[in-house]
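These notes concern the structure reproduced below.
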Amino acid sequence: METQLNPAASVYRILVFDEVYSARAAEEQAEKSKLSAFGTLARLNPLNRPKTETVNLSKSELRYEPFWYVAARREIDYLHEAVYPLQIANPYARQLEIAGQTIEVLANGNKPRVELAVNELCHRKIDTLLYQDGLKRPIRQAKLQGYVERYRAVEQQQLDLPGGVTPQMPFASVVQVIKSQLAAEAIDAHRIDNDLLEFVSANLYFRPVFAFEYLWTGAGKIGVIEIDGLTGEVVEDGQWFRDKLDTVMSREMLFELGAEMASTVVPGGGFAVKVLGKLTQERNGRP
């Protein structure tokens, strides 16, 4: 399967959702749920359970978690060998001549027939969609799709996003998932003449999440409550992500994306390597 690069800049985009749920509402909701931040067993333990006065907020943040939306199409030109049964109307026919070739008529009771061996020249399009969490968590695709369909996201030409979480799944890995999905479609071909993979849309989204870290002083334990900044959904077994994007992703980086993609078979793979490499260099103080 050969990858075909779509040169349109509108195909590869970075978008950020504005939070719908306010910071104050998120904190109030987290306070109501804070005793659940340490697991069900801790909450049900009659001898040592978290209490309102022993669980206190230690820190909080608004972060932006990445996920991918990719739409791709596979187009295949191929040859399929087939046999076409053809019923013969003349009961006295014993042979047919077609394009200089003699074909025997097969007796079939009162319905004589011939079998024509043909080559079918076929063209097939297979479309696929992928919604993939950028932190490699098993988040349902329907949930991520709901964000895209219901909430407004703004495209960023220069991404200056405090609290943006660094994607752990680069685009090159997403491409491999897409290829696996498309390859799973059976193609009944005796010869493949052309097999192209084209990306119709490849968007990296960042969605807002409020995180509240609580300290249970009686047990010396830490728990995290997450509040979805779009839906207000509460996650009681939350996480605290330390690896953040701490530099501006400029338009020049996006241009480097185009240049790198033009020289690689897997579009976007070079982009992830180059951007993350640049972030690492800047963190280490190198130019």
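All residue names refer to the structure tokens as shown: chains lettered A, B, ... in order, residues numbered from 1 in each chain, ligands numbered from 1 in order.
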Problem set entry | Residue set, region 64-205 of chain A restricted to strand (DSSP E), as an MDAnalysis selection string | chainID A and resid 64:87 95:98 101:104 113:133 153:155 191:205
Contact table region 37-137 of chain A vs region 150-173 of chain A, cut-off 12 Å, shortest pair per residue, only C-alpha atoms, as JSON lines:
{"residue": "A:Ser60", "atom": "CA", "partner": "A:Gly163", "partner_atom": "CA", "distance": 11.3}
{"residue": "A:Glu61", "atom": "CA", "partner": "A:Gly163", "partner_atom": "CA", "distance": 7.7}
{"residue": "A:Leu62", "atom": "CA", "partner": "A:Gly163", "partner_atom": "CA", "distance": 6.4}
{"residue": "A:Arg63", "atom": "CA", "partner": "A:Gly163", "partner_atom": "CA", "distance": 4.2}
{"residue": "A:Tyr64", "atom": "CA", "partner": "A:Gly164", "partner_atom": "CA", "distance": 4.6}
{"residue": "A:Glu65", "atom": "CA", "partner": "A:Val165", "partner_atom": "CA", "distance": 5.4}
{"residue": "A:Pro66", "atom": "CA", "partner": "A:Pro167", "partner_atom": "CA", "distance": 6.0}
{"residue": "A:Phe67", "atom": "CA", "partner": "A:Pro167", "partner_atom": "CA", "distance": 7.9}
{"residue": "A:Trp68", "atom": "CA", "partner": "A:Phe171", "partner_atom": "CA", "distance": 8.3}
{"residue": "A:Tyr69", "atom": "CA", "partner": "A:Phe171", "partner_atom": "CA", "distance": 10.4}
{"residue": "A:Val70", "atom": "CA", "partner": "A:Phe171", "partner_atom": "CA", "distance": 9.7}
{"residue": "A:Leu130", "atom": "CA", "partner": "A:Phe171", "partner_atom": "CA", "distance": 11.9}
{"residue": "A:Gln132", "atom": "CA", "partner": "A:Met169", "partner_atom": "CA", "distance": 8.9}
{"residue": "A:Asp133", "atom": "CA", "partner": "A:Met169", "partner_atom": "CA", "distance": 8.0}
{"residue": "A:Gly134", "atom": "CA", "partner": "A:Pro167", "partner_atom": "CA", "distance": 5.1}
{"residue": "A:Leu135", "atom": "CA", "partner": "A:Gln168", "partner_atom": "CA", "distance": 5.0}
{"residue": "A:Lys136", "atom": "CA", "partner": "A:Met169", "partner_atom": "CA", "distance": 6.3}
{"residue": "A:Arg137", "atom": "CA", "partner": "A:Gln168", "partner_atom": "CA", "distance": 9.9}
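Picture a line from CA of Ile14 (chain A) to CA of Val148 (chain A); it runs 12.7 Å.
Within the 8 Å cut-off around Ala30 (chain A), using only C-alpha atoms and omitting residues fewer than 6 positions from it on the same chain, the listed residues are Phe212, Ile225, Glu226, Ile227 and Val234 of chain A.
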Residues as selected, all heavy atoms, written as a tab-separated table (two decimals), in the first residue's frame, can you do that?
chain	number	residue	atom	x	y	z
A	212	PHE	N	-7.51	18.07	39.74
A	212	PHE	CA	-7.38	18.51	41.13
A	212	PHE	C	-6.71	17.39	41.93
A	212	PHE	O	-7.25	16.27	42.00
A	212	PHE	CB	-8.76	18.83	41.72
A	212	PHE	CG	-9.50	19.91	40.98
A	212	PHE	CD1	-10.30	19.60	39.89
A	212	PHE	CD2	-9.37	21.24	41.36
A	212	PHE	CE1	-10.98	20.59	39.20
A	212	PHE	CE2	-10.04	22.24	40.68
A	212	PHE	CZ	-10.84	21.92	39.59
A	225	ILE	N	-8.78	14.02	41.00
A	225	ILE	CA	-10.11	14.11	40.40
A	225	ILE	C	-9.98	14.93	39.12
A	225	ILE	O	-9.39	16.01	39.11
A	225	ILE	CB	-11.12	14.80	41.35
A	225	ILE	CG1	-11.33	13.96	42.61
A	225	ILE	CG2	-12.44	15.04	40.64
A	225	ILE	CD1	-12.08	12.66	42.39
A	226	GLU	N	-10.54	14.41	38.03
A	226	GLU	CA	-10.54	15.13	36.76
A	226	GLU	C	-11.97	15.56	36.42
A	226	GLU	O	-12.92	14.80	36.64
A	226	GLU	CB	-10.00	14.25	35.63
A	226	GLU	CG	-8.55	13.84	35.79
A	226	GLU	CD	-8.10	12.89	34.69
A	226	GLU	OE1	-8.92	12.60	33.78
A	226	GLU	OE2	-6.95	12.43	34.73
A	227	ILE	N	-12.10	16.77	35.88
A	227	ILE	CA	-13.38	17.27	35.40
A	227	ILE	C	-13.22	17.62	33.93
A	227	ILE	O	-12.35	18.43	33.56
A	227	ILE	CB	-13.84	18.53	36.18
A	227	ILE	CG1	-13.82	18.27	37.69
A	227	ILE	CG2	-15.22	18.95	35.70
A	227	ILE	CD1	-14.79	17.22	38.16
A	234	VAL	N	-17.08	13.71	35.52
A	234	VAL	CA	-16.12	13.53	36.61
A	234	VAL	C	-15.40	12.20	36.43
A	234	VAL	O	-16.02	11.16	36.21
A	234	VAL	CB	-16.83	13.55	37.98
A	234	VAL	CG1	-15.83	13.32	39.11
A	234	VAL	CG2	-17.56	14.87	38.17
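The coordinates place CA of Arg140 (chain A) at 23.5 Å from CA of Lys244 (chain A).
The residue that comes closest to Ile98 (chain A), out of A:Ala72, A:Lys59, A:Glu236, A:Glu115 and on the basis of only C-alpha atoms, is A:Glu115.
Of the residues listed (A:Ser22, A:Gln181, A:Thr128, A:Gln29), A:Gln29 shows the shortest atom-to-atom separation from Val235 (chain A); distances use only C-alpha atoms.
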Exercise. Near region 50-58 of chain A, counting only C-alpha atoms, which residues have an atom at most 9 Å away, once you skip same-chain residues fewer than 6 positions from it, shown as number ranges by chain?
Worked result: A: 31, 34-36, 38, 42-43, 212-219
Please dump the current selection as a tab-separated table (two decimals), in the first residue's frame; keep N, CA, C and O atoms.
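File produced: part_30.tsv:
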chain	number	residue	atom	x	y	z
A	31	GLU	N	-14.71	19.08	44.58
A	31	GLU	CA	-14.84	19.04	46.04
A	31	GLU	C	-15.92	18.04	46.46
A	31	GLU	O	-15.77	17.34	47.47
A	34	LYS	N	-14.24	14.49	46.06
A	34	LYS	CA	-12.85	14.28	46.49
A	34	LYS	C	-12.65	13.03	47.34
A	34	LYS	O	-11.57	12.43	47.32
A	35	LEU	N	-13.66	12.60	48.08
A	35	LEU	CA	-13.50	11.40	48.91
A	35	LEU	C	-13.43	10.13	48.07
A	35	LEU	O	-13.04	9.08	48.58
A	36	SER	N	-13.78	10.25	46.79
A	36	SER	CA	-13.72	9.09	45.89
A	36	SER	C	-12.40	9.01	45.13
A	36	SER	O	-12.22	8.10	44.31
A	38	PHE	N	-9.55	8.16	46.12
A	38	PHE	CA	-8.59	7.18	46.62
A	38	PHE	C	-9.08	5.74	46.44
A	38	PHE	O	-8.52	4.81	47.01
A	42	ALA	N	-10.91	2.18	49.80
A	42	ALA	CA	-10.58	3.15	50.85
A	42	ALA	C	-11.84	3.81	51.38
A	42	ALA	O	-11.99	4.03	52.59
A	43	ARG	N	-12.77	4.12	50.51
A	43	ARG	CA	-13.99	4.80	50.92
A	43	ARG	C	-14.88	3.91	51.78
A	43	ARG	O	-15.62	4.39	52.65
A	212	PHE	N	-7.51	18.07	39.74
A	212	PHE	CA	-7.38	18.51	41.13
A	212	PHE	C	-6.71	17.39	41.93
A	212	PHE	O	-7.25	16.27	42.00
A	213	GLU	N	-5.56	17.69	42.49
A	213	GLU	CA	-4.83	16.70	43.28
A	213	GLU	C	-5.15	16.91	44.76
A	213	GLU	O	-5.00	18.01	45.29
A	214	TYR	N	-5.58	15.83	45.42
A	214	TYR	CA	-5.95	15.89	46.83
A	214	TYR	C	-5.01	15.03	47.66
A	214	TYR	O	-4.59	13.94	47.23
A	215	LEU	N	-4.69	15.54	48.85
A	215	LEU	CA	-3.84	14.83	49.80
A	215	LEU	C	-4.69	14.35	50.97
A	215	LEU	O	-5.39	15.13	51.62
A	216	TRP	N	-4.64	13.04	51.20
A	216	TRP	CA	-5.34	12.44	52.35
A	216	TRP	C	-4.32	12.37	53.49
A	216	TRP	O	-3.47	11.50	53.53
A	217	THR	N	-4.42	13.34	54.39
A	217	THR	CA	-3.40	13.48	55.43
A	217	THR	C	-3.39	12.30	56.39
A	217	THR	O	-2.35	11.93	56.93
A	218	GLY	N	-4.53	11.69	56.62
A	218	GLY	CA	-4.59	10.57	57.55
A	218	GLY	C	-3.87	9.34	57.07
A	218	GLY	O	-3.45	8.50	57.87
A	219	ALA	N	-3.69	9.20	55.76
A	219	ALA	CA	-3.06	8.01	55.20
A	219	ALA	C	-1.84	8.33	54.35
A	219	ALA	O	-1.15	7.42	53.90
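Closest to Phe17 (chain A) among A:Ile178, A:Ala142, A:Val209, A:Ala202 is A:Val209, based on only C-alpha atoms.
For the pair CA of Lys143 (chain A) and CA of Glu198 (chain A), the interatomic distance is 25.3 Å.
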